[in-house]
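One structure is given below, encoded as structure tokens.
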Protein chains: 2
Amino acid sequence: MLNISADNKKMFLYQEVYQYYRELILQHRLPAGSRMPSLRKCSQELHLSRNTVENAYLQLAADGYIIARPQSGYFVTDIAARPQIKASSSRAEEPAIRYDFASSGVDRGSFRFDLWQRYIKSALRQDDRLLSYGEPQGETDLREALSDYVREHRNVVCTPGDIVVGAGMQSLLHILCPLLAGRETVSFPTPSFVQGSTVFRDYGFSVRYRNRDSDVIYVSPAHMTKWGEIMPVKRRLELIHYGAEHHSLIIEDDFENEFVYLQKPTPSLFGLAGGQNVVYIGTFSRLLLPSIRISFMVLPSSLQAAYKEKASFYNQTASKVEQIALARFIRDGHLASQTRRLKRLYSQKLKGLSAAVQETFGETCTLQAGAAGTSLALTFSCRLTEEELTDRARENGMRLSVLKKEGEKITLILSASSMPAEDFLPACRLLKKITEEAGR
Amino acid sequence: MLNISADNKKMFLYQEVYQYYRELILQHRLPAGSRMPSLRKCSQELHLSRNTVENAYLQLAADGYIIARPQSGYFVTDIAARPQIKASSSRAEEPAIRYDFASSGVDRGSFRFDLWQRYIKSALRQDDRLLSYGEPQGETDLREALSDYVREHRNVVCTPGDIVVGAGMQSLLHILCPLLAGRETVSFPTPSFVQGSTVFRDYGFSVRYRNRDSDVIYVSPAHMTKWGEIMPVKRRLELIHYGAEHHSLIIEDDFENEFVYLQKPTPSLFGLAGGQNVVYIGTFSRLLLPSIRISFMVLPSSLQAAYKEKASFYNQTASKVEQIALARFIRDGHLASQTRRLKRLYSQKLKGLSAAVQETFGETCTLQAGAAGTSLALTFSCRLTEEELTDRARENGMRLSVLKKEGEKITLILSASSMPAEDFLPACRLLKKITEEAGR
């Protein structure tokens, strides 16, 4: 019933050659620097076509096992000597971090790489679409999938035409800010969100904090503090009312709304306001991979005309391949199931981290946890300054993020997102040890 | 000598199942809307593991052949009925374009998709790197590859630390403009480059054209006109001298420098100026795929301090996967060989298009061709207005780009980049016919 197609056979052969040389290289039987046999020689010896051997060599080169030198052939790299491929050579000199409490990365088990790879591969096969520039506003199929998704999950009712796609929140603000002519002041909930305030400052806005008397009010209702406090519905309604009355435009950055654990996700401001006077910004860096740069915004009707006029002046910034892949990923229901998985995962991890902190620090500390997010706020007495503590931690292979130091009390933000759960207890013990040594 | 590894066998099996169902669906033997057998049933029938079948189904879903409906299973889509997957549903109503003289896309045969796919696949396997955000300045290995590349090919001598990576030229200008405090005027060579001037206007710059008496002078030395005129070395040196004397910062957008046919590529302004007072911008949209959003700029020493201060405030916009892939692609010499291939290809295509125009229009037209690029300027007499001509062309399945209309003379920019060479003659004949009908 099943037949092996000719195509499959060919792929299979080149992979055999690939595997064969890969093994030889990893076992140092073909040492670093040695020359690979020429394509002609190799194909004769293995009784294979030159094409098959070349395919294998190209894959070996793409994976870093060999390297092509013009006019002289392929040579084995030092990949076998390296424990793993270095992400960044500039960081090689820093001490190795064993426990990272300051990470903005995601859990290793949180993302189905195999699944995403399928969608990327499939998108890469759409030659026709990839030969041209992307639509300035974002690929239509992605905007269609997004408008369905936010209607169902975030009570944001909009058409694909209301959505603008960009490579991250800043790329969207670079399109949004020029549409806000006549507005001069913007309020942010906290000075720590420099990525947002920088863009507004660059456009000449005066930036304030927690000052509602501003032309633009930027809020993250599901991420009010670094330890995940969320904005109650009552305050959301007040804010919308205030914005409408004072002609203050509200920008709703829906960051981490998916990780609201203690209750049903609260409704979006955009939805509560009926799409009036609110710009909704959504992002996937926490849901998929931080390295996938796709965000989107939903514009209220009041900004549509101004955007339409300038839309074609802005090139799309997000990768077209990733947009195509994401559109199908959402359509096939994977974003919804990924969200459910992550919510479960991070909720459990926060409980685990909380328990590890309490077991280690006992009653000598205060622990704050919000209704959402992937971090806790830990406060305890410590004689060290912020800098001394983070330096000492780094020397001990730990990365820390200090929120504030007031008197003897220091508050850390402990991120549970990328640290494996089995590291919580040893990490907390090491942290205790570092602060105790400091006390002596 | 060669052994089939267990991994390969597994991949092979799921692909067989995939191929099998794919065929059934494309041959309408499994019609649209029909339910796929359950995983359990299918694995029993085929004597395969549930996992193998699930892998095949997931791939079929990723490729659009089937779709998952929660709680009810997989269903066949209408993919077999569609001639091909639509890029954009909003464009479906427009008349089909048979001949596109206005395209900014690239030649179908110009890009080795198979090769790029390998590098993307390899990059996708670097889980460790993909779980975290990208470096704000761009991945280190990419900046290393780029600094080697521009030193060798564009006489731009710089370190990886001088390079900033972003998702396209506009993303780079969004980082650059805020560094230019105190500068208020910018000169562009032509009003048609709205993507550049828009960003400067958004930041409050006063935009002028061909006015050297400006704080910032933006030039594209290899793309002075749409038909590929280049800036002679003498004028390059004059410009550098002028910039240094009048403290005007020069931004060198090195767009299409690779496609300088009639001579060796002229040296970059950055190189000629010894890296002083010139920002160099390079892009890959014409060399690789327009849909790959990676550009880079090399900052002169005078801007380094200002950039370093703000670097961490800007998130990276370019896809990390594509950055990793591109770094290796360049390192393995593929960018250099791709450039050679494209130069040959587009040079031949321009000759072919030129010949087709001359055969069709004879002495009734004027043809302008520069030393670079992928387009020609065609001038002839035509009673129609710009709009009438482009509308009539569109009704006949042709897309045109009009440069200007002066009196009876109309000038078109004919792009040879994405049109197959065999279409040149029929396309020119159709163009002639459209304009002749208009003459009656």
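Every chain in the structure tokens has a letter given in the order shown (A, B, ...), and although residue numbers restart at 1 in each chain, ligands are simply numbered from 1 in the order shown.
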
- Message: If the cut-off is 7 Å, can you tell me the residues of chain A near chain B, counting only C-alpha atoms? I'd like them as number ranges by chain.
- Response: A: 2, 4, 16, 20, 59, 62-63, 67-68, 87-89, 104-106, 108, 117-119, 122, 124, 129-134, 140-141, 167-168, 178, 194-195, 198, 202-203, 289-293, 313-314, 317-320, 328, 332

- Message: Can you tell me which residues surround Leu287 (chain A) at a distance of at most 10 Å, considering only C-alpha atoms, apart from same-chain residues fewer than 6 positions away, and format the answer as a list in words?
- Response: Val106, Ser110, Phe111, Phe255, Glu256, Glu258, Phe259, Leu335, Ala336, Gln338, Thr339, Arg341, Leu342 and Lys343 of chain A

Kindly save the residues from that selection, with N, CA, C and O atoms included, as a PDB file, in the first residue's frame.
ATOM      1  N   VAL A 106      12.619  31.738  28.008  1.00  0.00           N
ATOM      2  CA  VAL A 106      11.477  30.876  28.302  1.00  0.00           C
ATOM      3  C   VAL A 106      11.959  29.481  28.706  1.00  0.00           C
ATOM      4  O   VAL A 106      13.123  29.132  28.530  1.00  0.00           O
ATOM      5  N   SER A 110       9.018  24.445  27.229  1.00  0.00           N
ATOM      6  CA  SER A 110       7.751  25.128  26.976  1.00  0.00           C
ATOM      7  C   SER A 110       7.383  25.175  25.509  1.00  0.00           C
ATOM      8  O   SER A 110       6.248  25.430  25.161  1.00  0.00           O
ATOM      9  N   PHE A 111       8.357  24.964  24.669  1.00  0.00           N
ATOM     10  CA  PHE A 111       8.109  25.208  23.251  1.00  0.00           C
ATOM     11  C   PHE A 111       8.322  23.947  22.446  1.00  0.00           C
ATOM     12  O   PHE A 111       9.339  23.271  22.603  1.00  0.00           O
ATOM     13  N   PHE A 255       0.850  42.409  27.310  1.00  0.00           N
ATOM     14  CA  PHE A 255       1.958  41.527  27.663  1.00  0.00           C
ATOM     15  C   PHE A 255       1.571  40.560  28.787  1.00  0.00           C
ATOM     16  O   PHE A 255       1.060  40.968  29.821  1.00  0.00           O
ATOM     17  N   GLU A 256       1.802  39.302  28.572  1.00  0.00           N
ATOM     18  CA  GLU A 256       1.590  38.242  29.574  1.00  0.00           C
ATOM     19  C   GLU A 256       0.151  38.107  30.040  1.00  0.00           C
ATOM     20  O   GLU A 256      -0.102  37.527  31.100  1.00  0.00           O
ATOM     21  N   GLU A 258      -1.767  36.112  28.981  1.00  0.00           N
ATOM     22  CA  GLU A 258      -2.048  34.676  28.930  1.00  0.00           C
ATOM     23  C   GLU A 258      -1.735  34.002  30.256  1.00  0.00           C
ATOM     24  O   GLU A 258      -2.194  32.905  30.526  1.00  0.00           O
ATOM     25  N   PHE A 259      -0.910  34.670  31.065  1.00  0.00           N
ATOM     26  CA  PHE A 259      -0.449  34.020  32.286  1.00  0.00           C
ATOM     27  C   PHE A 259      -1.176  34.552  33.519  1.00  0.00           C
ATOM     28  O   PHE A 259      -0.575  34.782  34.559  1.00  0.00           O
ATOM     29  N   LEU A 335      -1.628  27.744  18.851  1.00  0.00           N
ATOM     30  CA  LEU A 335      -1.370  28.854  19.761  1.00  0.00           C
ATOM     31  C   LEU A 335      -2.244  28.705  21.003  1.00  0.00           C
ATOM     32  O   LEU A 335      -1.781  28.893  22.135  1.00  0.00           O
ATOM     33  N   ALA A 336      -3.502  28.321  20.783  1.00  0.00           N
ATOM     34  CA  ALA A 336      -4.412  28.143  21.916  1.00  0.00           C
ATOM     35  C   ALA A 336      -3.906  27.029  22.832  1.00  0.00           C
ATOM     36  O   ALA A 336      -3.896  27.174  24.053  1.00  0.00           O
ATOM     37  N   GLN A 338      -0.834  25.865  23.065  1.00  0.00           N
ATOM     38  CA  GLN A 338       0.434  26.304  23.649  1.00  0.00           C
ATOM     39  C   GLN A 338       0.161  27.206  24.865  1.00  0.00           C
ATOM     40  O   GLN A 338       0.825  27.089  25.895  1.00  0.00           O
ATOM     41  N   THR A 339      -0.816  28.089  24.729  1.00  0.00           N
ATOM     42  CA  THR A 339      -1.163  28.983  25.833  1.00  0.00           C
ATOM     43  C   THR A 339      -1.610  28.178  27.049  1.00  0.00           C
ATOM     44  O   THR A 339      -1.181  28.434  28.176  1.00  0.00           O
ATOM     45  N   ARG A 341      -0.850  25.091  27.797  1.00  0.00           N
ATOM     46  CA  ARG A 341       0.309  24.372  28.341  1.00  0.00           C
ATOM     47  C   ARG A 341       1.174  25.305  29.188  1.00  0.00           C
ATOM     48  O   ARG A 341       1.606  24.960  30.288  1.00  0.00           O
ATOM     49  N   LEU A 342       1.442  26.498  28.647  1.00  0.00           N
ATOM     50  CA  LEU A 342       2.330  27.425  29.345  1.00  0.00           C
ATOM     51  C   LEU A 342       1.726  27.910  30.653  1.00  0.00           C
ATOM     52  O   LEU A 342       2.419  28.066  31.653  1.00  0.00           O
ATOM     53  N   LYS A 343       0.434  28.148  30.619  1.00  0.00           N
ATOM     54  CA  LYS A 343      -0.251  28.627  31.806  1.00  0.00           C
ATOM     55  C   LYS A 343      -0.094  27.597  32.928  1.00  0.00           C
ATOM     56  O   LYS A 343       0.235  27.935  34.066  1.00  0.00           O
TER      57      LYS A 343
END

- Any chance you could list, as a list in words, the residues in region 19-112 of chain B that come up strand (DSSP E or B) when DSSP is run on the backbone?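 DSSP-assigned strand (DSSP E or B) residues in region 19-112 of chain B: Arg35, Ile66, Ile67, Ala68, Arg69, Gly73, Tyr74, Phe75, Val76, Tyr99 and Asp100 of chain B.
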
- Message: One number please: CA of Arg208 (chain A) to CA of Val186 (chain A), in Å, one decimal.
- Response: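 CA of Val186 (chain A) lies 6.2 Å from CA of Arg208 (chain A).
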
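Distance check against Glu363 (chain A) using only C-alpha atoms: of A:Leu378, A:Ala102, A:Ala56, A:Val164, the minimum falls on A:Leu378.
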
Run DSSP on the backbone and grab whatever in region 23-267 of chain A lands in alpha helix (DSSP H); send it over as a short mmCIF file (atom, residue, chain, number, x, y, z; two decimals) with N, CA and C atoms, in the first residue's frame.
data_model
loop_
_atom_site.label_atom_id
_atom_site.label_comp_id
_atom_site.auth_asym_id
_atom_site.auth_seq_id
_atom_site.Cartn_x
_atom_site.Cartn_y
_atom_site.Cartn_z
N GLU A 23 29.58 11.41 12.05
CA GLU A 23 30.13 10.50 13.07
C GLU A 23 31.66 10.56 13.08
N LEU A 24 32.23 10.45 11.88
CA LEU A 24 33.69 10.47 11.78
C LEU A 24 34.27 11.75 12.39
N ILE A 25 33.58 12.85 12.14
CA ILE A 25 34.09 14.13 12.64
C ILE A 25 33.93 14.21 14.15
N LEU A 26 32.76 13.80 14.64
CA LEU A 26 32.51 13.91 16.08
C LEU A 26 33.41 12.95 16.88
N LEU A 39 34.53 15.95 -4.15
CA LEU A 39 33.21 15.43 -4.51
C LEU A 39 33.35 14.27 -5.50
N ARG A 40 34.25 14.45 -6.46
CA ARG A 40 34.43 13.43 -7.48
C ARG A 40 34.91 12.13 -6.85
N LYS A 41 35.92 12.25 -6.02
CA LYS A 41 36.51 11.07 -5.40
C LYS A 41 35.49 10.37 -4.49
N CYS A 42 34.81 11.16 -3.69
CA CYS A 42 33.84 10.59 -2.75
C CYS A 42 32.72 9.89 -3.50
N SER A 43 32.24 10.50 -4.58
CA SER A 43 31.12 9.89 -5.30
C SER A 43 31.56 8.60 -5.99
N GLN A 44 32.80 8.56 -6.46
CA GLN A 44 33.31 7.32 -7.05
C GLN A 44 33.41 6.22 -5.99
N GLU A 45 33.99 6.57 -4.86
CA GLU A 45 34.19 5.57 -3.81
C GLU A 45 32.89 5.00 -3.28
N LEU A 46 31.91 5.86 -3.13
CA LEU A 46 30.64 5.41 -2.54
C LEU A 46 29.64 4.95 -3.60
N ARG A 50 27.35 12.52 -7.88
CA ARG A 50 28.05 13.69 -7.37
C ARG A 50 27.08 14.61 -6.62
N ASN A 51 25.85 14.69 -7.15
CA ASN A 51 24.80 15.50 -6.54
C ASN A 51 24.48 15.10 -5.11
N THR A 52 24.36 13.78 -4.92
CA THR A 52 24.05 13.26 -3.59
C THR A 52 25.15 13.62 -2.60
N VAL A 53 26.40 13.45 -3.03
CA VAL A 53 27.52 13.77 -2.15
C VAL A 53 27.54 15.27 -1.88
N GLU A 54 27.30 16.06 -2.90
CA GLU A 54 27.32 17.51 -2.71
C GLU A 54 26.24 17.94 -1.71
N ASN A 55 25.06 17.33 -1.83
CA ASN A 55 23.99 17.64 -0.88
C ASN A 55 24.43 17.35 0.55
N ALA A 56 25.09 16.22 0.73
CA ALA A 56 25.56 15.85 2.07
C ALA A 56 26.59 16.86 2.57
N TYR A 57 27.52 17.22 1.71
CA TYR A 57 28.56 18.19 2.09
C TYR A 57 27.94 19.53 2.45
N LEU A 58 26.97 19.97 1.63
CA LEU A 58 26.34 21.26 1.90
C LEU A 58 25.66 21.24 3.26
N GLN A 59 25.02 20.11 3.59
CA GLN A 59 24.35 20.01 4.88
C GLN A 59 25.38 20.00 6.01
N LEU A 60 26.48 19.30 5.79
CA LEU A 60 27.55 19.28 6.80
C LEU A 60 28.09 20.70 7.03
N ALA A 61 28.23 21.44 5.94
CA ALA A 61 28.72 22.82 6.06
C ALA A 61 27.70 23.68 6.78
N ALA A 62 26.41 23.50 6.41
CA ALA A 62 25.36 24.31 7.03
C ALA A 62 25.31 24.04 8.53
N PHE A 113 9.62 22.72 19.61
CA PHE A 113 10.47 23.05 18.48
C PHE A 113 10.12 22.23 17.24
N ASP A 114 9.84 20.93 17.47
CA ASP A 114 9.56 20.06 16.33
C ASP A 114 8.36 20.57 15.53
N LEU A 115 7.35 21.03 16.29
CA LEU A 115 6.13 21.49 15.65
C LEU A 115 6.40 22.78 14.87
N TRP A 116 7.08 23.72 15.50
CA TRP A 116 7.38 25.00 14.86
C TRP A 116 8.25 24.79 13.62
N GLN A 117 9.20 23.87 13.73
CA GLN A 117 10.07 23.57 12.59
C GLN A 117 9.26 23.12 11.38
N ARG A 118 8.23 22.31 11.63
CA ARG A 118 7.37 21.88 10.54
C ARG A 118 6.74 23.07 9.82
N TYR A 119 6.22 24.01 10.61
CA TYR A 119 5.53 25.16 10.01
C TYR A 119 6.51 26.06 9.26
N ILE A 120 7.71 26.19 9.82
CA ILE A 120 8.71 27.00 9.12
C ILE A 120 9.09 26.33 7.80
N LYS A 121 9.32 25.02 7.87
CA LYS A 121 9.70 24.30 6.65
C LYS A 121 8.62 24.46 5.59
N SER A 122 7.37 24.33 6.02
CA SER A 122 6.26 24.45 5.08
C SER A 122 6.22 25.86 4.49
N ALA A 123 6.43 26.87 5.33
CA ALA A 123 6.42 28.25 4.84
C ALA A 123 7.55 28.48 3.85
N LEU A 124 8.70 27.84 4.10
CA LEU A 124 9.85 28.01 3.22
C LEU A 124 9.60 27.40 1.84
N ASP A 127 7.64 29.30 -2.33
CA ASP A 127 8.55 30.14 -3.11
C ASP A 127 7.89 31.41 -3.62
N ASP A 128 6.69 31.23 -4.18
CA ASP A 128 5.99 32.35 -4.82
C ASP A 128 5.86 33.55 -3.90
N ARG A 129 5.52 33.27 -2.67
CA ARG A 129 5.30 34.38 -1.75
C ARG A 129 6.62 34.98 -1.30
N LEU A 130 7.66 34.15 -1.21
CA LEU A 130 8.91 34.62 -0.62
C LEU A 130 9.75 35.45 -1.59
N THR A 140 -1.76 38.98 4.85
CA THR A 140 -3.21 38.93 5.05
C THR A 140 -3.64 37.69 5.83
N ASP A 141 -3.05 36.53 5.52
CA ASP A 141 -3.52 35.34 6.23
C ASP A 141 -3.18 35.40 7.71
N LEU A 142 -2.06 36.04 8.04
CA LEU A 142 -1.73 36.19 9.46
C LEU A 142 -2.72 37.13 10.14
N ARG A 143 -3.05 38.24 9.46
CA ARG A 143 -3.98 39.19 10.08
C ARG A 143 -5.37 38.57 10.22
N GLU A 144 -5.73 37.69 9.27
CA GLU A 144 -7.01 36.99 9.40
C GLU A 144 -7.00 36.06 10.61
N ALA A 145 -5.91 35.30 10.76
CA ALA A 145 -5.81 34.39 11.90
C ALA A 145 -5.79 35.16 13.21
N LEU A 146 -5.09 36.30 13.22
CA LEU A 146 -5.00 37.11 14.45
C LEU A 146 -6.36 37.70 14.83
N SER A 147 -7.11 38.17 13.83
CA SER A 147 -8.39 38.80 14.18
C SER A 147 -9.35 37.74 14.73
N ASP A 148 -9.30 36.52 14.19
CA ASP A 148 -10.11 35.44 14.76
C ASP A 148 -9.66 35.12 16.18
N TYR A 149 -8.33 35.09 16.36
CA TYR A 149 -7.78 34.67 17.65
C TYR A 149 -8.12 35.68 18.76
N VAL A 150 -7.92 36.97 18.49
CA VAL A 150 -8.18 37.96 19.55
C VAL A 150 -9.68 38.12 19.81
N ARG A 151 -10.50 37.87 18.80
CA ARG A 151 -11.95 37.92 19.04
C ARG A 151 -12.33 36.82 20.02
N GLU A 152 -11.80 35.63 19.79
CA GLU A 152 -12.18 34.49 20.61
C GLU A 152 -11.56 34.57 22.01
N HIS A 153 -10.28 35.01 22.09
CA HIS A 153 -9.56 34.89 23.36
C HIS A 153 -9.44 36.19 24.14
N ARG A 154 -9.55 37.33 23.47
CA ARG A 154 -9.31 38.60 24.17
C ARG A 154 -10.47 39.58 24.00
N MET A 169 7.23 45.10 19.67
CA MET A 169 6.45 46.25 20.14
C MET A 169 7.05 47.56 19.66
N GLN A 170 8.39 47.69 19.67
CA GLN A 170 9.00 48.95 19.26
C GLN A 170 8.74 49.27 17.79
N SER A 171 8.78 48.25 16.93
CA SER A 171 8.50 48.50 15.52
C SER A 171 7.08 49.04 15.35
N LEU A 172 6.16 48.56 16.17
CA LEU A 172 4.78 49.06 16.09
C LEU A 172 4.70 50.50 16.60
N LEU A 173 5.40 50.79 17.69
CA LEU A 173 5.38 52.17 18.20
C LEU A 173 5.99 53.14 17.19
N HIS A 174 6.97 52.66 16.39
CA HIS A 174 7.56 53.51 15.36
C HIS A 174 6.55 53.86 14.27
N ILE A 175 5.53 53.04 14.11
CA ILE A 175 4.46 53.37 13.16
C ILE A 175 3.38 54.19 13.86
N LEU A 176 3.14 53.86 15.13
CA LEU A 176 2.06 54.51 15.87
C LEU A 176 2.39 55.96 16.23
N VAL A 194 11.99 50.87 29.77
CA VAL A 194 12.70 51.81 28.90
C VAL A 194 12.45 51.55 27.42
N GLN A 195 12.18 50.28 27.05
CA GLN A 195 11.95 49.99 25.63
C GLN A 195 10.77 50.78 25.09
N GLY A 196 9.76 50.98 25.93
CA GLY A 196 8.60 51.75 25.50
C GLY A 196 8.87 53.25 25.55
N SER A 197 9.38 53.72 26.71
CA SER A 197 9.52 55.17 26.87
C SER A 197 10.57 55.75 25.92
N THR A 198 11.61 54.96 25.60
CA THR A 198 12.65 55.45 24.69
C THR A 198 12.06 55.87 23.35
N VAL A 199 11.17 55.05 22.81
CA VAL A 199 10.61 55.37 21.49
C VAL A 199 9.81 56.67 21.57
N PHE A 200 8.99 56.81 22.61
CA PHE A 200 8.20 58.06 22.73
C PHE A 200 9.12 59.27 22.89
N ARG A 201 10.17 59.10 23.70
CA ARG A 201 11.12 60.21 23.87
C ARG A 201 11.77 60.58 22.54
N ASP A 202 12.15 59.54 21.76
CA ASP A 202 12.77 59.80 20.46
C ASP A 202 11.88 60.65 19.57
N VAL A 233 -10.87 44.72 37.04
CA VAL A 233 -11.82 45.17 36.02
C VAL A 233 -12.37 46.55 36.36
N LYS A 234 -12.60 46.80 37.65
CA LYS A 234 -13.17 48.09 38.04
C LYS A 234 -12.24 49.23 37.60
N ARG A 235 -10.93 49.04 37.83
CA ARG A 235 -10.00 50.10 37.44
C ARG A 235 -9.90 50.21 35.92
N ARG A 236 -10.05 49.07 35.25
CA ARG A 236 -10.03 49.13 33.78
C ARG A 236 -11.14 50.03 33.26
N LEU A 237 -12.35 49.83 33.83
CA LEU A 237 -13.50 50.62 33.37
C LEU A 237 -13.29 52.10 33.70
N GLU A 238 -12.76 52.37 34.87
CA GLU A 238 -12.47 53.76 35.25
C GLU A 238 -11.52 54.41 34.25
N LEU A 239 -10.48 53.67 33.91
CA LEU A 239 -9.46 54.19 33.00
C LEU A 239 -10.06 54.53 31.64
N ILE A 240 -10.89 53.62 31.14
CA ILE A 240 -11.53 53.85 29.84
C ILE A 240 -12.40 55.10 29.89
N HIS A 241 -13.16 55.22 30.97
CA HIS A 241 -14.03 56.37 31.15
C HIS A 241 -13.19 57.65 31.18
N TYR A 242 -12.12 57.60 31.96
CA TYR A 242 -11.24 58.76 32.08
C TYR A 242 -10.66 59.15 30.71
N GLY A 243 -10.17 58.14 29.99
CA GLY A 243 -9.56 58.39 28.68
C GLY A 243 -10.54 59.06 27.73
N ALA A 244 -11.76 58.56 27.70
CA ALA A 244 -12.77 59.10 26.78
C ALA A 244 -13.09 60.54 27.15
N GLU A 245 -13.20 60.80 28.44
CA GLU A 245 -13.58 62.14 28.91
C GLU A 245 -12.48 63.18 28.65
N HIS A 246 -11.23 62.75 28.85
CA HIS A 246 -10.12 63.70 28.74
C HIS A 246 -9.38 63.59 27.40
#

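Near Leu412 (chain B), within 7 Å and counting only C-alpha atoms, sit Ala377, Leu378, Thr379, Ser401, Val402 and Leu403 of chain B, not including residues fewer than 3 positions from it in the same chain.
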
Export of prior selection with all heavy atoms as a CSV table (one decimal), in the first residue's frame:
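Generated file (result.csv):
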chain,number,residue,atom,x,y,z
B,377,ALA,N,14.9,52.7,-18.4
B,377,ALA,CA,13.9,53.7,-18.5
B,377,ALA,C,13.6,53.8,-20.0
B,377,ALA,O,14.4,53.9,-20.9
B,377,ALA,CB,14.5,55.0,-18.0
B,378,LEU,N,12.3,53.7,-20.3
B,378,LEU,CA,11.8,53.7,-21.7
B,378,LEU,C,10.9,54.9,-21.9
B,378,LEU,O,9.9,55.1,-21.2
B,378,LEU,CB,11.0,52.4,-21.9
B,378,LEU,CG,10.2,52.4,-23.2
B,378,LEU,CD1,11.1,52.3,-24.4
B,378,LEU,CD2,9.3,51.1,-23.2
B,379,THR,N,11.3,55.8,-22.9
B,379,THR,CA,10.5,57.0,-23.2
B,379,THR,C,9.9,56.9,-24.6
B,379,THR,O,10.6,56.5,-25.5
B,379,THR,CB,11.4,58.2,-23.1
B,379,THR,OG1,12.1,58.2,-21.8
B,379,THR,CG2,10.6,59.5,-23.2
B,401,SER,N,5.1,50.9,-14.2
B,401,SER,CA,5.5,52.0,-13.3
B,401,SER,C,5.9,53.2,-14.1
B,401,SER,O,6.9,53.1,-14.9
B,401,SER,CB,6.7,51.5,-12.4
B,401,SER,OG,7.3,52.6,-11.8
B,402,VAL,N,5.2,54.3,-14.0
B,402,VAL,CA,5.5,55.5,-14.8
B,402,VAL,C,6.4,56.4,-14.0
B,402,VAL,O,6.2,56.7,-12.8
B,402,VAL,CB,4.2,56.2,-15.1
B,402,VAL,CG1,4.5,57.5,-15.9
B,402,VAL,CG2,3.3,55.3,-15.9
B,403,LEU,N,7.5,56.8,-14.6
B,403,LEU,CA,8.4,57.7,-13.9
B,403,LEU,C,7.9,59.2,-14.1
B,403,LEU,O,7.8,59.9,-13.1
B,403,LEU,CB,9.8,57.6,-14.5
B,403,LEU,CG,10.9,58.5,-13.9
B,403,LEU,CD1,11.2,58.0,-12.5
B,403,LEU,CD2,12.1,58.6,-14.7

- Item | Of the listed residues A:Thr266, A:Gln358, A:Ser415, A:Gln276, that which approaches Tyr346 (chain A) most closely, counting only C-alpha atoms |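 Checking each candidate against Tyr346 (chain A), we get A:Ser415 as the closest.
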